[in-house]
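Asker: Structure in structure tokens, see below.
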Amino acid sequence: MAKISVYRFLSAGCNACDVEILECLVPRYGLANLGVEVVEEPEKANVLILTGAGTIKGEKALLEVYEKINPPKIVVAVGNCSITKNIFDKGYPIIGPPNKLIPVNYYIPGCPPRPQAIIKAIADILGVKIEEKEEFWKTPEGFRGRHEIDGEKCIGCGACAQICTADAIEVIDGPEKRIIRVNYGHCTFCAFCQDECPTQAIRLTGVYHLLTSDPRAARVENEVNLLSCTICGGTFFPEKQIEWALKRVVEEKVPIYKDYHDNIYNSMRICPNCRRKIENIKRAKILLTNLSERARRP
Ligand code: SF4
Ligand code: SF4
């Protein structure tokens with residue numbers, strides 16, 4: 001496509017994404033150099049850019065606008081609200097992300113996405129290569145983009161998911177594995193997860209190109225093995241989390257318990273259900289008595 005004419009449709013959102021889209025037009029970013037123009041009437045556009053979550057009141061207008069867009073009628077959802085509803089998820093006037101109402105071809109996750117991410121995405125959609133100096137793409141110091149999870153360090157504890165106020169991290173327990181999954185479309189790139197991670201396994205990188213045609217593919221994940229209960233055989237906590245916790249107790253926090261390493265480890269390998277059985281409560285009490293006696297000794 002030689003030239004694209006964009007019509008912007010704003011729905012429920014803070015409008016930061018739309019500000020970034022307009023920013024793309026200033027000479028520094030030069031969206032116009034790609035042959036892109038922003039038009040005020042949908043009849044003159046062949047690309048529809050959506051920002052914000054779909055609203056009940058805006059549904060009719062969106063459907064009408066979509067009808068008026070010219071072929072090839074490319075629809076691009078920019079920013080998380082237009083992908084998942086994001087923070088507007090439970091809002092009473094929200095009908096759903098726009099892809100519930102009209103077909104969406106591309107998604108540019110971000111909250112909001114950087115102008116460079118939007119330009120790169122549009123260039124990718126057009127199949128155009130942009131020659132810009134490295135300086136143009138560089139992120140400022142402290143910029144927070146796509147996550148990286150170190151598979152060696154991650155113990156699968158889920159602390160990152162608990163701290164995430166955007167509900168962007170899922171903890172999915174299967175029969176043998178736990179998946180820790182960061183979903184773009186929800187993430188606000190606040191880095192609370194990075195601060196909370198006890199093993200420094202998760203970190204936000206400077207990568208911000210997240211264009212996708214499948215919003216479910218915009219994610220980063222890690223997998224850890226779950227431990228089998230030594231009594232019932234059912235899986236419960238991640239194996240690495242148990243080992244990490246044990247190491248913290250007997251090597252770092254209370255080294256005097258080192259002699260009880262195996263006893264503590266064995267009791268940790270019993271699932272919460274089996275721990276409630278009377279014989280296991282008795283065993284646990286004996287271990288606790290031994291530990292407190294050991295603590296009293298010099
Ligand atoms: S990334 Fe960190 S906080 Fe999240 S599950 Fe892995 S170890 Fe736990
Ligand atoms: S940076 Fe981490 S804590 Fe913040 S919204 Fe994204 S996944 Fe959640």
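Following the order of the structure tokens, chains are lettered A, B, ..., residues in each are numbered from 1, and ligands are numbered from 1.
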For ligand 1, return the neighbouring residues as a PyMOL selection string (distance at most 8 Å; only C-alpha atoms and all ligand atoms).
Answerer: chain A and resi 149-150+153-161+180+193-194+196-202+222+241
Asker: Can those selected residues be exported to a file as a PDB file, in the first residue's frame so that it contains C-alpha atoms?
Answerer:
ATOM      1  CA  ILE A 149      12.158 -14.013  33.067  1.00  0.00           C
ATOM      2  CA  ASP A 150      15.339 -15.865  33.940  1.00  0.00           C
ATOM      3  CA  LYS A 153      16.386 -17.949  38.835  1.00  0.00           C
ATOM      4  CA  CYS A 154      12.569 -18.096  38.794  1.00  0.00           C
ATOM      5  CA  ILE A 155      11.256 -20.314  41.605  1.00  0.00           C
ATOM      6  CA  GLY A 156       7.611 -19.991  40.549  1.00  0.00           C
ATOM      7  CA  CYS A 157       6.536 -18.429  43.850  1.00  0.00           C
ATOM      8  CA  GLY A 158       3.947 -16.135  42.232  1.00  0.00           C
ATOM      9  CA  ALA A 159       4.953 -13.086  44.302  1.00  0.00           C
ATOM     10  CA  CYS A 160       5.072 -11.093  41.065  1.00  0.00           C
ATOM     11  CA  ALA A 161       1.449 -12.006  40.323  1.00  0.00           C
ATOM     12  CA  ILE A 180       4.042 -17.780  35.287  1.00  0.00           C
ATOM     13  CA  CYS A 193       6.875  -7.322  39.845  1.00  0.00           C
ATOM     14  CA  GLN A 194      10.567  -6.692  39.305  1.00  0.00           C
ATOM     15  CA  GLU A 196       8.943  -7.784  44.467  1.00  0.00           C
ATOM     16  CA  CYS A 197      10.652 -10.842  42.966  1.00  0.00           C
ATOM     17  CA  PRO A 198      12.689 -12.488  45.774  1.00  0.00           C
ATOM     18  CA  THR A 199      15.234 -13.961  43.357  1.00  0.00           C
ATOM     19  CA  GLN A 200      15.576 -11.075  40.875  1.00  0.00           C
ATOM     20  CA  ALA A 201      14.331 -13.408  38.153  1.00  0.00           C
ATOM     21  CA  ILE A 202      11.999 -10.989  36.404  1.00  0.00           C
ATOM     22  CA  ASN A 222       8.215 -19.256  32.396  1.00  0.00           C
ATOM     23  CA  GLN A 241      10.391 -22.666  45.699  1.00  0.00           C
TER      24      GLN A 241
END
Asker: Would you mind listing the residues within 8 Å of ligand 2, counting only C-alpha atoms and all ligand atoms, as a list of chain:residue names?
Answerer: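 Final answer, ordered by chain and number: A:Arg144, A:His147, A:Cys160, A:Ala161, A:Ile163, A:Cys164, A:Thr165, A:Ala166, A:Asp167, A:Ala168, A:Ile169, A:Val182, A:Asn183, A:Tyr184, A:His186, A:Cys187, A:Thr188, A:Phe189, A:Cys190, A:Ala191, A:Phe192, A:Cys193, A:Gln194, A:Leu204.
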Asker: Need the shell around Ile83 of chain A: protein/DNA/RNA residues with any atom at most 12 Å away, counting only C-alpha atoms. Skip same-chain ones fewer than 5 positions apart. Format as an NGL selection string?
Answerer: :A and (11-13 or 50-54 or 76-78 or 88-89 or 96-100 or 103-112 or 183-187 or 211-216 or 218)
Asker: Which residue, A:Asn70, A:Ser82, A:Glu221, A:Leu34, has the smallest gap to Lys129 of chain A when you use only C-alpha atoms?
Answerer: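 Ranked by minimum distance to Lys129 of chain A, first place goes to A:Leu34.
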Asker: For Val36 of chain A, which residue out of A:His261, A:Gly58, A:Ile4, A:Thr139 is the nearest one, using only C-alpha atoms?
Answerer: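 The answer is A:Ile4, which sits nearest to Val36 of chain A.
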Asker: Which of segment 160-223 of chain A end up as strand (DSSP E) when DSSP is run on this backbone - answer as a list in words?
Answerer: Ile169, Glu170, Val171, Ile172, Asp173, Lys177, Arg178, Ile179, Ile180, Arg181, Val182, Asn183, Ile202, Arg203, Leu204, Arg219, Val220, Glu221, Asn222 and Glu223 of chain A
Asker: Tell me which protein, DNA and RNA residues are within 10 Å of segment 24-31 of chain A, counting only C-alpha atoms, leaving out same-chain ones fewer than 6 positions away, and put them as a list in words.
Answerer: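 The filter keeps Asp18, Glu37, Val38, Arg114, Pro115, Gln116, Ala117, Ile118, Ile119, Lys120, Ile122, Ala123, Glu132 and Phe136 of chain A.
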Asker: What does the file look like for those residues with C-alpha atoms, as a short mmCIF file (atom, residue, chain, number, x, y, z; two decimals), in the first residue's frame?
Answerer:
data_model
loop_
_atom_site.label_atom_id
_atom_site.label_comp_id
_atom_site.auth_asym_id
_atom_site.auth_seq_id
_atom_site.Cartn_x
_atom_site.Cartn_y
_atom_site.Cartn_z
CA ASP A 18 -4.05 9.09 21.22
CA GLU A 37 -1.83 11.00 6.83
CA VAL A 38 -4.45 11.45 9.51
CA ARG A 114 5.97 4.81 22.71
CA PRO A 115 5.68 6.79 19.46
CA GLN A 116 8.59 4.72 18.11
CA ALA A 117 6.63 1.53 18.83
CA ILE A 118 3.65 2.90 16.90
CA ILE A 119 5.83 4.02 13.98
CA LYS A 120 7.69 0.71 13.84
CA ILE A 122 2.86 0.87 11.18
CA ALA A 123 6.04 0.42 9.13
CA GLU A 132 16.76 5.87 11.36
CA PHE A 136 15.92 7.36 17.32
#
Asker: I need the helix (DSSP H, G or I) residues of segment 30-204 of chain A per DSSP on the backbone, written as a PyMOL selection string.
Answerer: chain A and resi 31-34+42-44+59-68+81-84+86-88+98-100+115-126+134-137+159-163+192-196
Asker: Between A:Lys60, A:Arg248, A:Arg146, A:Lys73, which has the minimum distance to Thr205 of chain A (counting only C-alpha atoms)?
Answerer: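 Under the stated criterion, the closest residue is A:Arg146.
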Asker: List the neighbours of segment 290-295 of chain A out to 9 Å using only C-alpha atoms; skip same-chain residues closer than 3 positions along the sequence, and give me the result as a ChimeraX atom specification.
Answerer: /A:256-257,260,285-287,298
